[in-house]
Amino acid sequence: MTRPQEPHETLLDVLQRKRDGRNVDPSMGVLSGEGAQQRVKTLERAPGVQPSGDGALLPPGAPSYYGLPAIKEPVWIASVPTYLYVGGVAGATSVLGFAAELIGGAWLRGLARRCVWVGMAGDMLSAGLLIHDLGRPERFLHMLRVFRPTSPMSIGSWVLAASGAFNTLALLVGHRGGWPGTVGRAAGAGAALLGLPLSGYTAVLLTNTAVPLWQSMHRSLPLFFMASATAASGSLLSLLPHPRHEAPVLRAFRVAGKVAEVATRIAVERDAARVPEVARPLREGLPGALWTASKVCAGAGLLLELLPRRTSGVATAANVLTSVSAVAARFAIFHAGKVSSRNPQATFQGQRQGLGAAEVTGHTVASDGKPLKFPLPVVR
Amino acid sequence: MGQKGFFTDTTVCIGCKACEVACKQWNQLPDDGFHFTGMSYDQTGALGASTWRHVAFVERPVPMPGVSTAIADFSWLMMSDVCKHCQRAGCLEACPTGAIIRTEFDTVYVQPDVCNGCGYCVAACPFGVVSRREDDGRAWKCTLCYDRLGEGLTPACAKACPTESIVYGDLDDLHARAEARVEALHARGLTEAYLYGKDAANQPGTGGLNAFFLLLDRPEVYNLPPDPVVPTMKARESWTAVAMGALGMAVAALGAVWLGKERRG
Ligand code: SF4
Ligand code: SF4
């Protein structure tokens with residue numbers, strides 16, 4: 001996978017940059033156009049100076065514009081896949097914590113409280129990771145300026161903000177008696193209720209884009225993320241010091257997650273495999289290696305769990321493997337999506353195979369008025 | 001006010017890039033540096049944060065009826081690309097801050113004083129139009145000259161286009177004009193001519209484009225998607241999956257606690 005190469009900066013570029021590339025002398029002209037406030041440090045390269053090369057293995061004749069990407073690559077950085085893990089764990093942990101509070105009684109009070117701690121820490125860390133990713137971090141509060149139900153990111157921002165507030169409240173007053181305790185427990189219930197979407201909306205956030213790989217998984221990725229969050233949350237809580245009587249609860253929770261994770265991972269792969277060009281990054285390159293590693297770790301984590309005799313060393317290994325698998329899966333899907341966005345054929349072929357708008361509306365002609373699939377094979 | 005838009009007739013485009021220059025100048029956008037791409041006369045490559053019009057050049061090894069060139073079996077395709085100002089705009093539906101709005105002219109506009117650079121619109125646009133300038137941190141795209149429309153002026157690109165390849169106007173007028181043009185071209189033997197994204201019937205995934213095109217070849221040749229879809233159209237199924245997952249997770253949590261209690265006896 002070759003990326004467009006950065007050409008060397010020419011003398012002209014250097015001179016241009018000194019004058020911000022606008023050729024407007026501020027003593028003679030006013031900068032008041034729509035784009036005049038756009039900050040310039042380095043002049044943007046003409047994007048895609050070289051073809052992406054991703055189409056090199058294709059049958060010749062698959063049309064594209066010099067092999068350039070058809071959509072923009074997501075600009076998100078590594079803090080986003082990190083958040084996919086942290087936020088998922090925080091959500092699932094809040095859910096378990098409230099279940100322990102609700103039907104566990106005094107016997108599981110300790111677990112419930114630890115879950116609130118983990119949930120709150122996860123929420124705070126998540127917010128930090130997301131703010132770090134913004135192009136204008138100082139404007140992070142603009143996220144709560146409106147509520148836009150069509151935007152999973154808007155929904156998620158509100159869910160995360162409210163979940164963090166509830167978990168904090170539960171932590172501060174949940175253990176008290178009297179009405180503050182009631183308020184705290186109600187806040188815990190709120191955090192658990194929000195923990196459910198918190199662990200799954202991130203998948204909708206990814207699939208609700210034009211990125212071919214992510215969009216292709218729009219039915220299965222939420223289930224996979226939530227299953228994997230359950231497994232990862234159970235594993236993390238098991239790795240943290242805990243009294244022995246909590247062990248069966250944690251085990252049941254994480255095994256349920258691990259089994260569901262394996263099943264939903266198959267669904268995710270099958271969704272992607274409908275279009276070979278779309279699924280390719282899950283098999284090749286660094287994202288492919290990450291995805292395979294995640295699969296191996298998940299399988300090993302589940303197998304170790306099912307061994308008849310398990311020492312504490314084996315149990316720890318299983319928990320670590322499952323956690324690594326959850327992180328690796330998110331980075332793999334994130335980066336594989338980026339790769340697929342650079343490949344125009346992933347976009348074009350998916351849509352030609354009826355996975356564009358046709359998947360929803362069921363029409364059979366493309367925007368050029370001809371049948372979606374090329375009627376004749378391309379020969380050369 | 002009414003619905004305003006662009007009709008871009010690629011058959012009369014001569015590739016002069018007056019639109020690119022007019023857009024840069026009017027909007028006072030920084031240049032992209034001077035780089036040779038080796039892709040015909042296209043030195044711009046694609047639309048971007050500081051490139052709001054982009055002229056695509058395709059050299060085809062096939063003749064075009066009614067056009068004679070010095071070389072046999074050769075024809076040009078040139079297309080001035082722009083933000084489509086979709087009826088159902090992926091960028092607008094994704095923007096969590098409300099920075100992207102629909103204006104009184106039915107165009108799609110990014111408010112630079114609101115955008116916090118989350119980058120969601122960049123991934124959500126099915127045409128790869130809006131993009132974030134890294135040293136600025138915000139998302140930028142064609143405004144359909146919102147400032148000029150407010151004064152009753154024609155957008156800079158349409159004003160500068162010497163061949164009327166870019167026509168600005170009321171959507172209804174543009175539709176009538178475009179259909180008449182297609183008919184005329186068909187009558188002249190250019191039967192490949194078609195309208196891309198004229199309305200919801202033509203492009204159900206976007207509900208139609210306020211900036212639509214007359215093209216002569218498959219959309220992919222111009223780097224346009226053949227069946228674009230606003231991602232939110234598929235969100236219902238995703239949210240259903242989240243609801244199912246939530247049910248499963250709640251059952252797992254309650255079941256685990258209950259099971260642990262049973263074990264204890
Ligand atoms: S083309 Fe892209 S940026 Fe323009 S309105 Fe449509 S979705 Fe938004
Ligand atoms: S980058 Fe700006 S305009 Fe784009 S979705 Fe985020 S806040 Fe909205």
# chains A, B, ... in the order shown; residues from 1 in each chain; ligands from 1
call {"tool": "residues_near_ligand", "arguments": {"ligand": "ligand 2", "cutoff": "10 Å", "atoms": "only C-alpha atoms and all ligand atoms", "output": "MDAnalysis selection string"}}
result
(chainID A and resid 75 134:136 139:140 142:143 151 153:154) or (chainID B and resid 90:101 109:125 130:133 137:141)
call {"tool": "closest_atom_pairs", "arguments": {"of": "chain A", "to": "ligand 1", "cutoff": "12 Å", "atoms": "only C-alpha atoms and all ligand atoms", "output": "CSV"}}
result
residue,atom,partner,partner_atom_place_in_ligand_line,distance
A:Ala70,CA,ligand 1,2 (Fe),11.7
A:Ile71,CA,ligand 1,2 (Fe),9.4
A:Lys72,CA,ligand 1,2 (Fe),10.0
A:Thr209,CA,ligand 1,7 (S),10.4
A:Ala210,CA,ligand 1,7 (S),9.6
call {"tool": "residues_around", "arguments": {"residues": "Thr316 (chain A)", "least_positions_apart": "6", "cutoff": "9 Å", "atoms": "only C-alpha atoms", "output": "PyMOL selection string"}}
result
chain A and resi 235+238-239
call {"tool": "select_by_dssp", "arguments": {"residues": "region 110-349 of chain A", "states": "alpha helix (DSSP H)", "output": "ChimeraX atom specification"}}
result
/A:110-133,152-173,178-207,212-216,221-239,247-272,276-279,285-306,312-342,344-349
call {"tool": "closest_residue", "arguments": {"among": "B:Val62, B:Val55, B:Leu247, B:Cys86", "to": "Thr206 (chain B)", "atoms": "only C-alpha atoms"}}
result
B:Cys86
call {"tool": "residues_around", "arguments": {"residues": "Tyr222 (chain B)", "least_positions_apart": "6", "cutoff": "12 Å", "atoms": "only C-alpha atoms", "output": "ChimeraX atom specification"}}
result
/A:63-70,344,348,368 /B:10,45-46,54-60,76-81,127,196,213-216
call {"tool": "closest_residue", "arguments": {"among": "A:Leu221, A:Leu84, A:Ile333, A:Val268", "to": "chain B", "atoms": "only C-alpha atoms"}}
result
A:Leu221
call {"tool": "residues_around", "arguments": {"residues": "region 259-266 of chain A", "least_positions_apart": "3", "cutoff": "12 Å", "atoms": "only C-alpha atoms", "output": "PyMOL selection string"}}
result
(chain A and resi 217+219-232+252-256+269-273+291-292+294-303+305-306+322+325-326+329-330+333) or (chain B and resi 241+245+248-249+252)
call {"tool": "closest_residue", "arguments": {"among": "B:Gln203, B:Arg102, B:Thr11, B:Ala156", "to": "Met64 (chain B)", "atoms": "only C-alpha atoms"}}
result
B:Thr11
